Amino acid sequence: MLQGKPLIMAIAAAAIFASSALAQEYPTKPITLIVPWPAGGSTDISMRAIADSASKFIGQPIVIDNKAGGGGTVGPATMAAAAKPDGYTIAQLPITVFRLPLMQEVSWDPAKDFSYIIHLTGYTFGVTTSADSQFKSWKDVVDFAKQNPGKVTYATPGTGTSLHIGMEQIAALAGIKLTQVPFKGGAETNAAALGQHTMLQADSTGWRPLVDAGKLRLLMVWTSVRSPNFPDVPTLKELGYPMVYDSPFGIGGPKGMDPKIVARIHDAFKKALEDPAVIATLAKYDMVPNYKNTEDYKKFVVELTDSERKVIDTLGLAKKTN
């Protein structure tokens with residue numbers, strides 16, 4: 001009979017063998033992909049297209065679970081706290097996962113609580129207003145805001161999102177004060193702008209059908225160059241703001257995932273990014289594939305966190321430390 005150290009070593013060896021066997025068999029059932037935004041928005045639609053394609057390569061359905069809230073952090077935080085690291089629960093990781101811990105106390109540590117799998121793409125952001133609005137250009141907004149400090153309201157998909165931080169940076173550079181009204185996602189921000197419950201909307205391209213239909217007016221985009229879909233709309237840089245915002249995102253799982261399972265998921269999603277149907281869906285929402293493998297994604301997270309810390313500190317939004 002084994003006792004003491006030999007027994008511990010035997011148990012450890014058996015556990016490693018069992019884990020390896022599970023990794024070899026993976027996946028044997030559907031995979032849940034948490035999308036931390038409401039259904040119907042640009043992120044949800046693009047992630048569904050990517051998941052549908054990836055499911056063909058991985059051999060099991062990838063089921064979308066919408067867990068909105070917290071500026072895109074409720075879903076990943078729930079996964080980090082409760083999901084097993086077996087590869088059957090993964091999540092889209094928006095930039096707020098790295099930014100919010102710099103602004104307030106949160107339940108997760110981005111450096112320790114996730115297994116980073118693959119970086120996918122980023123957004124085209126823009127600022128819209130109702131077609132009936134008095135604002136015909138961004139200059140009109142700035143002029144009005146200077147005469148009416150704090151009176152200009154803008155809808156975002158949540159406090160701490162790139163839209164919130166970006167708008168505050170723009171306001172600081174323009175010397176104006178704007179008032180944020182946070183929502184859970186694009187469907188709600190679209191409704192706020194359409195109904196003129198807020199004077200502006202800052203969001204990703206879930207607004208495109210409404211802009212195309214003439215119901216919303218697009219005042220600016222936050223990309224490095226003008227969008228081919230909206231060639232008459234100026235960029236931030238053209239308006240005098242030295243900024244480009246695309247809010248990059250990828251896929252991750254709970255901490256402690258088997259590297260072989262991470263590799264299987266990575267390979268399926270990489271192939272999905274090369275799928276013409278996925279590329280067409282991303283293009284519809286002005287998203288450009290921005291692939292990074294697992295190791296490069298991990299390094300990028302460190303760089304991204306450092307750059308976000310500088311921005312948060314500059315805006316005076318950093319959490320108070322005792």
# chains A, B, ... in the order shown; residues from 1 in each chain; ligands from 1
>>> residues_around(residues="region 247-252 of chain A", least_positions_apart="5", cutoff="10 Å", atoms="only C-alpha atoms", output="VMD selection string")
chain A and resid 33 to 35 76 79 to 80 87 89 to 97 113 to 125 161 to 163 204 257 262 265 to 266 269 287 289 to 292 294 297 301 304
>>> residues_around(residues="region 230-234 of chain A", least_positions_apart="5", cutoff="9 Å", atoms="only C-alpha atoms", output="short mmCIF file (atom, residue, chain, number, x, y, z; two decimals) with N, CA, C and O atoms, in the first residue's frame")
data_model
loop_
_atom_site.label_atom_id
_atom_site.label_comp_id
_atom_site.auth_asym_id
_atom_site.auth_seq_id
_atom_site.Cartn_x
_atom_site.Cartn_y
_atom_site.Cartn_z
N LEU A 218 -25.03 61.15 -37.69
CA LEU A 218 -23.70 60.81 -37.20
C LEU A 218 -22.81 62.05 -37.27
O LEU A 218 -22.61 62.62 -38.35
N LEU A 219 -22.28 62.47 -36.12
CA LEU A 219 -21.51 63.70 -36.04
C LEU A 219 -20.01 63.49 -36.17
O LEU A 219 -19.29 64.37 -36.62
N MET A 220 -19.52 62.32 -35.75
CA MET A 220 -18.08 62.03 -35.81
C MET A 220 -17.86 60.54 -35.62
O MET A 220 -18.73 59.83 -35.11
N VAL A 221 -16.69 60.06 -36.06
CA VAL A 221 -16.25 58.69 -35.76
C VAL A 221 -14.90 58.77 -35.08
O VAL A 221 -14.19 59.78 -35.21
N TRP A 222 -14.54 57.70 -34.35
CA TRP A 222 -13.33 57.72 -33.52
C TRP A 222 -12.21 56.86 -34.11
O TRP A 222 -11.29 56.48 -33.41
N VAL A 225 -9.01 56.72 -39.62
CA VAL A 225 -9.40 57.33 -40.90
C VAL A 225 -10.92 57.27 -41.02
O VAL A 225 -11.58 56.56 -40.28
N LEU A 239 -11.24 66.72 -36.34
CA LEU A 239 -11.91 67.75 -35.55
C LEU A 239 -10.99 68.40 -34.54
O LEU A 239 -11.41 69.27 -33.77
#
>>> closest_residue(among="A:Gly158, A:Gly175, A:Gly126, A:Gly185", to="Trp37 (chain A)", atoms="only C-alpha atoms")
A:Gly185
>>> closest_residue(among="A:Ala49, A:Leu216, A:Val106, A:Ala280", to="Asn190 (chain A)", atoms="only C-alpha atoms")
A:Leu216
>>> residues_around(residues="Pro27 (chain A)", least_positions_apart="2", cutoff="12 Å", atoms="only C-alpha atoms", output="MDAnalysis selection string")
chainID A and resid 21:25 29:32 55 57:62 86:89 260:262 264:265 268
>>> closest_residue(among="A:Ala155, A:Met103, A:Ala82, A:Ile170", to="Tyr245 (chain A)", atoms="only C-alpha atoms")
A:Ile170
>>> residues_around(residues="Ile165 (chain A)", least_positions_apart="2", cutoff="12 Å", atoms="only C-alpha atoms", output="ChimeraX atom specification")
/A:71,95-96,99-100,103,156-163,167-172,178,180,182,202-203,243,245,247,308-309,311-318
>>> residues_around(residues="Gly41 (chain A)", least_positions_apart="5", cutoff="7 Å", atoms="only C-alpha atoms", output="NGL selection string")
:A and (186-187 or 206)
>>> select_by_dssp(residues="region 216-252 of chain A", states="strand (DSSP E)", output="count of residues only")
10
>>> closest_residue(among="A:Ser224, A:Thr73, A:Ser130, A:Ser42", to="Val244 (chain A)", atoms="only C-alpha atoms")
A:Ser224
>>> closest_residue(among="A:Ala272, A:Val288, A:Val141, A:Val181", to="Asp246 (chain A)", atoms="only C-alpha atoms")
A:Val288
>>> atom_distance(atom1="CA of Gln196 (chain A)", atom2="CA of Ala174 (chain A)")
23.2 Å
>>> select_by_dssp(residues="region 69-188 of chain A", states="alpha helix (DSSP H)", output="MDAnalysis selection string")
chainID A and resid 74:82 96:103 138:147 162:174 186:188
>>> residues_around(residues="Pro149 (chain A)", least_positions_apart="2", cutoff="10 Å", atoms="only C-alpha atoms", output="PyMOL selection string")
chain A and resi 142+144-147+151-152+175-179
>>> closest_residue(among="A:Ser107, A:Lys319, A:Ser53, A:Tyr26", to="Ala263 (chain A)", atoms="only C-alpha atoms")
A:Tyr26
